[in-house]
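Below: one structure, written as structure tokens.
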Amino acid sequence: MSQDLYRATVLEHSRHPQNTGRVAHPTHQARAANPLCGDELEVTLRLTGQHVEQVRVAVRGCVISQASASLMSVIVQGHRADEARRWAGQWRSALEGEADLPPDLESLRPLLELRNHRSRTGCALLAWVALERALGQT
Amino acid sequence: MSQDLYRATVLEHSRHPQNTGRVAHPTHQARAANPLCGDELEVTLRLTGQHVEQVRVAVRGCVISQASASLMSVIVQGHRADEARRWAGQWRSALEGEADLPPDLESLRPLLELRNHRSRTGCALLAWVALERALGQT
Amino acid sequence: MVEAASFRGDFPILQRRIHGQPLAYLDSAATTQKPRAVIEALTVFYEQHNANVHRGVYTLSEEASALYESARAKVARHLGADSPRSIVFTRGTTEALNLVAAGWAGSRLRPGDEIVATEVEHHSNLIPWQMAARHTGASLRLARLGADQTLDVGHLLSLIGPRTRLVAVSLTSNVLGTVTPLGEIVARAHAVGARVVVDAAQAAAHLRFDVRALDCDFLAVSGHKLYGPTGIGALYGKPDCLEEVEPVQGGGGMIEWVEAQTARWGPLPARLEAGTPSVADAHALGAALDYLRPRMEEALRHEQRLTAYALERLLAVPGLTLFGPKKPVLRAGVFAFNLPGVHPHDAAELLDGQGVALRAGHHCCQPLMRRLGVTATLRASLAIYSSTEDVDRLVAGLSTVRAALAS
Amino acid sequence: MVEAASFRGDFPILQRRIHGQPLAYLDSAATTQKPRAVIEALTVFYEQHNANVHRGVYTLSEEASALYESARAKVARHLGADSPRSIVFTRGTTEALNLVAAGWAGSRLRPGDEIVATEVEHHSNLIPWQMAARHTGASLRLARLGADQTLDVGHLLSLIGPRTRLVAVSLTSNVLGTVTPLGEIVARAHAVGARVVVDAAQAAAHLRFDVRALDCDFLAVSGHKLYGPTGIGALYGKPDCLEEVEPVQGGGGMIEWVEAQTARWGPLPARLEAGTPSVADAHALGAALDYLRPRMEEALRHEQRLTAYALERLLAVPGLTLFGPKKPVLRAGVFAFNLPGVHPHDAAELLDGQGVALRAGHHCCQPLMRRLGVTATLRASLAIYSSTEDVDRLVAGLSTVRAALAS
Ligand SMILES: Cc1ncc(COP(=O)(O)O)c(C=O)c1O
Ligand SMILES: Cc1ncc(COP(=O)(O)O)c(C=O)c1O
């Protein structure tokens, strides 16, 4: 499966990641790290009311964490914070358990191959963990 | 082998042990215990010069330790202390290793079956350990 | 007649002959024999999936990690734990109890605090508390054996007071065969804010229980007494209780971040499993539970009937002294006894000559032996594969022992 | 060409296919694969001899005890120890090092005392000393990595002084592949009255050494890195050093006498092995040594040649950064490296797709990773069964990885 995973949209997103860097004047931000490989990532957000106006992610990491961060930013940007939180939970359930992907997360499907690949699920979750942490801030 | 062991002279010696009890006015004495089963035994000696004039053993123990104590007392009584010490060492080497029995210890041969029977070698050594301790006293 | 034929065929060692006789294995309380499925699980692991765990990226390591974690989930299910995260793998019951003693009691108790245990305990559920008490200045109080040769539960309850921080008690005694009624003990302990640690070494394969229902805080088991391999066991802990356990070993796999002088621990349960674990043994323990669980009901029924049968036959042996309760409803299939004028080691030796394997000694219960007024006993113990024939051969063997040795 | 054909057939797992490809197992530093003889030893134990040890009187228990003790003698012989009594069985290197840290350092060190270790150590040979230092008030000093990416032995020697009580160092690094020259270190340590503990996890299967010649005080090994099973390892100690180790676990098998409040420990090595040990795993480790020892010379020759070959091939990969020394004479068959612009986890994943199994990560050496200026590396490591083909497939795989991922 490895080859497929790397050939898919995943590689595209890691080669040409969306929404990289930092939001100019973030209202919310958080970091997350993967102790297994030392990868680190920072999510910065600008919320207007309950609306995620802008998302940026600064990643130093593997292809999976880069692609997952890029996909996350595209999915979340322009949506409500509570939706973003729900998607983070749904993505975790899909990756760590048996739950199916909701339609909103369809673009993440290639990464769902990691389901039976516990050593890498952390990479695919990293950006979402940081997102949850950022949105958890009051 | 167990049955043979118990049918041999061993059983005789445990049924009709020689030299039991305590020497009246011992010059040397020592105890030994087997932590595995709680068996205990006391050797009392009367030496005249280097001569083991009298040996007595008080045993609370299994057939093997009783028989071994009785046989020990018969072997040692009337002999020199340094011989007794040497025999104790030889018996240990025979039981714990591959050394052959010296002629003086021939009567212990039935107990040599315990060689491959590590859980019981302690029983066959108990009286000899106490003897060594008693003779070690100055 | 009680038959175990359906199980016996699953245990290859029962084909062994001892001094020309078929093996009557009556030492299952020391360790159980292993079904073929467990032995094969080891072979399959090493022939197909062997790799270190700790999340190597490659396929074999993923497989080994998945098998290891799946074994953890099976142990959790067997004990009735809510989550696999409540299970820490150890070498066995002894290491599990010592982990609580050193990692919990060792860092939390203070002079004046009290640990309550009992005189009935196996050394593995006594010495760790002696050590923790010595180390922290806490004191250790032991509930006594009652006149009926069962634990005096009233006395135990009376020892639990405002200074009690920990109560350590076994679920099934490895000498008396008694099953401790834990309900009131746990309730009393919790009422004074004490933790309860249960030694379930003897119970895990022979009693139906559930850590949720027991409501104990910690519970320890050994794989090798549960039809699994040696080298693996488990500590169950309620999540908040496990969180309170300080790691007693440092090393690979248990950290999140390491600096030159300090380290930040990783999450549970890995935090308490430093170094390469017994991966294959854990997997094979999982296989043992896969074997046992669908058969559990039948096995327990079989063991109960056989316990009643053995009790009746042993009590009928002239002069035999049986320790512990005499009623089958009260006891597990563990029988400590002596014959008058016969040293237990001699008896075990002669019985071995007839292919009957049982233990003689203090059974790692010296304080209990002293209470019973003996230094050693014989002990016969049953398991899923034990048969009436095993019991009959023991009883017949005891006659020949008496004839040969009794004074 | 270097061929390992004569050994490969002994390792059943090498028949496995991964994603349709034959397995090229290059993670032997994490754990070695097991020869058939080891797997069979487990089966034979459980099918023929399984019983608890601790001197049951009956035949099976005698056999199990004899096999267990015979394994101890084999480990003693392999390490060059004078007596089996110098060998304590543990779960592995980690438990062995922690036993010295808690049982020796924990009870003997005082504020002002110093422990000397190195930045190169595996977490298992670092965190236990951090814990012992924190616990006793001693301080921990770490020798640094030299500019040549090997341990700066001069710096290590300069750290050993009158306050040094313990020096902890690995014989072979699991990242750099370096072999530490212990002679001067041990001499200096002994000159100031310090004890030396050696982490030989990586050395035990791949280097010829002898504890008498090393003159170290303690030495730790893991069975699973020595072609043996998981769940077993050993601590060697000089007799007077082992005598100084306080038991850190209490329980069955390690006592001579137990009262309600106190216990008197039994003799070594049992005193340090509380509870039912990993009997079957110990026996299978003995079988691993039976397998290895007659082949040792040939195996080491094979590994040395293959190390030279792998080094040459890896150094020829465009852009590849190899960590540690570049000369084969200085190094064991462990190669940590990175490809420019390629994350090691991605590389390991893609290599796995081609059946090439190697590790990516910090290899339980976070402080060393920081010194090397990376957070993770790839690591390939060799053993008796490794072949030039394994190396060739790794090198070929690295090209495809670069093509797929390098920026
Ligand atoms: C009641 C009880 N507790 C603890 C133990 C110790 O178990 P292990 O030796 O497997 O650690 C045993 C078994 O010997 C036991 O019977
Ligand atoms: C150098 C070194 N020390 C210690 C260890 C720890 O060994 P184990 O995990 O078997 O306890 C390892 C292996 O992981 C190692 O490579």
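Residues in the structure tokens are numbered from 1 in each chain, the chains being A, B, ... in the order shown, and ligands are numbered from 1 in the order shown.
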
### Query
Could you pull out the alpha helix (DSSP H) residues of region 233-314 of chain C from DSSP and send them as number ranges by chain?
C: 239-243, 279-292, 296-314

Counting only C-alpha atoms, chain C residues within 10 Å of chain B, as an NGL selection string
:C and (19 or 341-354 or 360-364 or 366 or 374-377 or 404-407)

query: Leaving out Ser107 (chain A) and any residue of its chain fewer than 6 positions from it, which residues lie within 9 Å of it when counting only C-alpha atoms, given as a PyMOL selection string?
result: chain A and resi 9+71+75

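Computed from the coordinates, the CA of Thr136 (chain C) to CA of Glu246 (chain D) distance equals 16.2 Å.
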
Using only C-alpha atoms and all ligand atoms, which protein or nucleic acid residues are at most 9 Å from ligand 1, as a ChimeraX atom specification? /C:29-31,91-97,120-125,170-175,199-203,220-225,230-233,363-364 /D:52,251-253,274-277

* Asked: Skipping near chain neighbours, those fewer than 5 positions away, what residues fall within 9 Å of Asp82 (chain A) using only C-alpha atoms, listed as a ChimeraX atom specification?
  -> /A:50-51,87,135

Could the residues in this selection be saved with C-alpha atoms as a short mmCIF file (atom, residue, chain, number, x, y, z; two decimals), in the first residue's frame?
```
data_model
loop_
_atom_site.label_atom_id
_atom_site.label_comp_id
_atom_site.auth_asym_id
_atom_site.auth_seq_id
_atom_site.Cartn_x
_atom_site.Cartn_y
_atom_site.Cartn_z
CA GLN A 50 -17.27 31.63 15.10
CA HIS A 51 -15.86 31.75 11.60
CA TRP A 87 -14.29 17.14 11.76
CA LEU A 135 -9.65 26.09 18.89
#
```

Q. Per DSSP on the backbone, what are the strand (DSSP E or B) residues of region 110-355 of chain D, as a PyMOL selection string?
A. chain D and resi 114-118+139-143+145+151+164-170+172+178-179+195-199+218-222+233-237+255-258+263-265+321-322+331+334-338

Record the distance separating CA of Val44 (chain D) and CA of Ala288 (chain D), expressed in Å with one decimal.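 Interatomic distance, CA of Val44 (chain D) to CA of Ala288 (chain D): 14.1 Å.
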
Tell me which protein, DNA and RNA residues are within 10 Å of Thr44 (chain A), counting only C-alpha atoms, leaving out same-chain ones fewer than 5 positions away, and put them as a PDB file with N, CA, C and O atoms, in the first residue's frame.
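Dumped everything to result-v8.pdb:
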```pdb
ATOM      1  N   THR A  20       0.498  27.517   3.718  1.00  0.00           N
ATOM      2  CA  THR A  20       1.644  27.327   4.600  1.00  0.00           C
ATOM      3  C   THR A  20       2.035  28.650   5.244  1.00  0.00           C
ATOM      4  O   THR A  20       1.639  29.718   4.789  1.00  0.00           O
ATOM      5  N   GLY A  21       2.795  28.543   6.301  1.00  0.00           N
ATOM      6  CA  GLY A  21       3.296  29.740   6.983  1.00  0.00           C
ATOM      7  C   GLY A  21       2.436  30.117   8.175  1.00  0.00           C
ATOM      8  O   GLY A  21       1.849  29.243   8.828  1.00  0.00           O
ATOM      9  N   ARG A  22       2.384  31.414   8.479  1.00  0.00           N
ATOM     10  CA  ARG A  22       1.655  31.883   9.652  1.00  0.00           C
ATOM     11  C   ARG A  22       0.656  32.958   9.240  1.00  0.00           C
ATOM     12  O   ARG A  22       0.931  33.765   8.363  1.00  0.00           O
ATOM     13  N   VAL A  23      -0.470  32.979   9.888  1.00  0.00           N
ATOM     14  CA  VAL A  23      -1.443  34.064   9.749  1.00  0.00           C
ATOM     15  C   VAL A  23      -0.828  35.321  10.364  1.00  0.00           C
ATOM     16  O   VAL A  23      -0.123  35.229  11.383  1.00  0.00           O
ATOM     17  N   ALA A  24      -1.090  36.457   9.736  1.00  0.00           N
ATOM     18  CA  ALA A  24      -0.440  37.694  10.188  1.00  0.00           C
ATOM     19  C   ALA A  24      -0.754  38.020  11.656  1.00  0.00           C
ATOM     20  O   ALA A  24       0.134  38.099  12.493  1.00  0.00           O
ATOM     21  N   HIS A  25      -2.027  38.166  11.979  1.00  0.00           N
ATOM     22  CA  HIS A  25      -2.379  38.500  13.365  1.00  0.00           C
ATOM     23  C   HIS A  25      -3.336  37.443  13.888  1.00  0.00           C
ATOM     24  O   HIS A  25      -4.539  37.653  13.923  1.00  0.00           O
ATOM     25  N   PRO A  26      -2.792  36.302  14.253  1.00  0.00           N
ATOM     26  CA  PRO A  26      -3.667  35.166  14.607  1.00  0.00           C
ATOM     27  C   PRO A  26      -4.484  35.476  15.863  1.00  0.00           C
ATOM     28  O   PRO A  26      -3.984  36.126  16.789  1.00  0.00           O
ATOM     29  N   THR A  27      -5.723  34.991  15.851  1.00  0.00           N
ATOM     30  CA  THR A  27      -6.519  35.049  17.080  1.00  0.00           C
ATOM     31  C   THR A  27      -6.306  33.777  17.891  1.00  0.00           C
ATOM     32  O   THR A  27      -6.533  33.748  19.092  1.00  0.00           O
ATOM     33  N   HIS A  28      -5.927  32.703  17.202  1.00  0.00           N
ATOM     34  CA  HIS A  28      -5.732  31.404  17.855  1.00  0.00           C
ATOM     35  C   HIS A  28      -4.498  30.751  17.261  1.00  0.00           C
ATOM     36  O   HIS A  28      -4.243  30.868  16.065  1.00  0.00           O
ATOM     37  N   GLN A  29      -3.783  30.008  18.083  1.00  0.00           N
ATOM     38  CA  GLN A  29      -2.640  29.269  17.554  1.00  0.00           C
ATOM     39  C   GLN A  29      -2.257  28.142  18.499  1.00  0.00           C
ATOM     40  O   GLN A  29      -2.573  28.194  19.696  1.00  0.00           O
ATOM     41  N   ALA A  30      -1.613  27.119  17.954  1.00  0.00           N
ATOM     42  CA  ALA A  30      -1.148  26.012  18.803  1.00  0.00           C
ATOM     43  C   ALA A  30      -0.127  25.190  18.039  1.00  0.00           C
ATOM     44  O   ALA A  30      -0.077  25.198  16.801  1.00  0.00           O
ATOM     45  N   ARG A  31       0.687  24.456  18.807  1.00  0.00           N
ATOM     46  CA  ARG A  31       1.706  23.587  18.217  1.00  0.00           C
ATOM     47  C   ARG A  31       1.380  22.141  18.559  1.00  0.00           C
ATOM     48  O   ARG A  31       0.681  21.841  19.527  1.00  0.00           O
ATOM     49  N   GLN A  54      -9.131  32.495   8.368  1.00  0.00           N
ATOM     50  CA  GLN A  54      -7.862  32.133   7.733  1.00  0.00           C
ATOM     51  C   GLN A  54      -7.137  31.073   8.554  1.00  0.00           C
ATOM     52  O   GLN A  54      -7.144  31.107   9.783  1.00  0.00           O
ATOM     53  N   VAL A  55      -6.532  30.112   7.854  1.00  0.00           N
ATOM     54  CA  VAL A  55      -5.731  29.048   8.482  1.00  0.00           C
ATOM     55  C   VAL A  55      -4.378  29.033   7.813  1.00  0.00           C
ATOM     56  O   VAL A  55      -4.293  29.092   6.575  1.00  0.00           O
ATOM     57  N   ARG A  56      -3.331  28.928   8.599  1.00  0.00           N
ATOM     58  CA  ARG A  56      -1.997  28.689   8.041  1.00  0.00           C
ATOM     59  C   ARG A  56      -1.329  27.614   8.889  1.00  0.00           C
ATOM     60  O   ARG A  56      -1.548  27.532  10.104  1.00  0.00           O
ATOM     61  N   VAL A  57      -0.510  26.781   8.247  1.00  0.00           N
ATOM     62  CA  VAL A  57       0.218  25.751   8.978  1.00  0.00           C
ATOM     63  C   VAL A  57       1.694  25.829   8.619  1.00  0.00           C
ATOM     64  O   VAL A  57       2.035  25.876   7.423  1.00  0.00           O
ATOM     65  N   ALA A  58       2.534  25.848   9.639  1.00  0.00           N
ATOM     66  CA  ALA A  58       3.984  25.765   9.423  1.00  0.00           C
ATOM     67  C   ALA A  58       4.421  24.360   9.856  1.00  0.00           C
ATOM     68  O   ALA A  58       4.257  23.987  11.011  1.00  0.00           O
ATOM     69  N   ALA A 130      -3.182  19.898  16.498  1.00  0.00           N
ATOM     70  CA  ALA A 130      -2.843  21.307  16.718  1.00  0.00           C
ATOM     71  C   ALA A 130      -4.080  22.185  16.515  1.00  0.00           C
ATOM     72  O   ALA A 130      -4.311  23.139  17.273  1.00  0.00           O
ATOM     73  N   LEU A 131      -4.885  21.859  15.510  1.00  0.00           N
ATOM     74  CA  LEU A 131      -6.111  22.624  15.254  1.00  0.00           C
ATOM     75  C   LEU A 131      -7.038  22.568  16.472  1.00  0.00           C
ATOM     76  O   LEU A 131      -7.553  23.598  16.932  1.00  0.00           O
ATOM     77  N   ALA A 134      -5.681  24.698  19.167  1.00  0.00           N
ATOM     78  CA  ALA A 134      -5.842  26.119  18.880  1.00  0.00           C
ATOM     79  C   ALA A 134      -7.283  26.540  19.152  1.00  0.00           C
ATOM     80  O   ALA A 134      -7.536  27.571  19.774  1.00  0.00           O
ATOM     81  N   LEU A 135      -8.235  25.725  18.705  1.00  0.00           N
ATOM     82  CA  LEU A 135      -9.649  26.087  18.889  1.00  0.00           C
ATOM     83  C   LEU A 135     -10.078  25.935  20.338  1.00  0.00           C
ATOM     84  O   LEU A 135     -11.083  26.519  20.752  1.00  0.00           O
TER      85      LEU A 135
END
```

Taken to one decimal, the CA of Ser107 (chain C)-CA of Ile185 (chain C) distance is 24.0 Å

In terms of only C-alpha atoms, the residue from D:Ala138, D:Leu292, D:Leu272, D:Val197 at minimal distance from Asp113 (chain D) is D:Ala138

**Prompt:** Residues at most 7 Å from Val211 (chain D), counting only C-alpha atoms, excluding those fewer than 2 positions away in the same chain, as a list in words?
**Reply:**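 Skipping anything fewer than 2 positions along the chain leaves Leu79, Gly80, Ala81, Phe209, Ala213, Leu214, Asp215 and Cys216 of chain D.
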
Keeping only all heavy atoms, take the residues you just selected and write them out as a compact mmCIF listing (two decimals), in the first residue's frame.
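Result saved to again_24.txt:
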```txt
# COMPACT_ATOMS: atom_id res chain seq x y z
N LEU D 79 29.48 -14.98 27.94
CA LEU D 79 30.03 -13.68 28.36
C LEU D 79 31.42 -13.82 28.95
O LEU D 79 32.08 -12.82 29.23
CB LEU D 79 29.10 -13.02 29.37
CG LEU D 79 27.67 -12.73 28.89
CD1 LEU D 79 26.85 -12.08 29.99
CD2 LEU D 79 27.68 -11.84 27.64
N GLY D 80 31.85 -15.05 29.17
CA GLY D 80 33.16 -15.26 29.77
C GLY D 80 33.17 -15.10 31.29
O GLY D 80 34.21 -14.83 31.88
N ALA D 81 32.00 -15.28 31.91
CA ALA D 81 31.94 -15.17 33.37
C ALA D 81 32.48 -16.45 34.01
O ALA D 81 32.32 -17.53 33.46
CB ALA D 81 30.50 -14.94 33.82
N PHE D 209 33.84 -10.68 23.00
CA PHE D 209 34.38 -10.03 24.21
C PHE D 209 34.21 -10.98 25.38
O PHE D 209 33.61 -12.05 25.25
CB PHE D 209 33.68 -8.69 24.48
CG PHE D 209 32.23 -8.83 24.85
CD1 PHE D 209 31.85 -8.96 26.17
CD2 PHE D 209 31.24 -8.84 23.87
CE1 PHE D 209 30.51 -9.09 26.51
CE2 PHE D 209 29.91 -8.97 24.21
CZ PHE D 209 29.55 -9.10 25.52
N ALA D 213 38.18 -10.26 30.63
CA ALA D 213 39.17 -9.39 29.98
C ALA D 213 38.75 -7.92 30.09
O ALA D 213 39.58 -7.05 30.34
CB ALA D 213 39.33 -9.79 28.53
N LEU D 214 37.46 -7.65 29.91
CA LEU D 214 37.00 -6.26 30.04
C LEU D 214 37.20 -5.75 31.46
O LEU D 214 37.38 -4.57 31.68
CB LEU D 214 35.51 -6.15 29.69
CG LEU D 214 35.08 -6.36 28.24
CD1 LEU D 214 33.57 -6.21 28.13
CD2 LEU D 214 35.77 -5.36 27.32
N ASP D 215 37.08 -6.69 32.41
CA ASP D 215 37.20 -6.36 33.83
C ASP D 215 36.11 -5.39 34.30
O ASP D 215 36.29 -4.67 35.28
CB ASP D 215 38.61 -5.79 34.12
CG ASP D 215 38.89 -5.78 35.62
OD1 ASP D 215 38.33 -6.64 36.33
OD2 ASP D 215 39.65 -4.91 36.08
N CYS D 216 34.98 -5.38 33.59
CA CYS D 216 33.87 -4.52 34.02
C CYS D 216 33.20 -5.15 35.24
O CYS D 216 33.34 -6.34 35.50
CB CYS D 216 32.87 -4.33 32.89
SG CYS D 216 32.24 -5.89 32.25
```
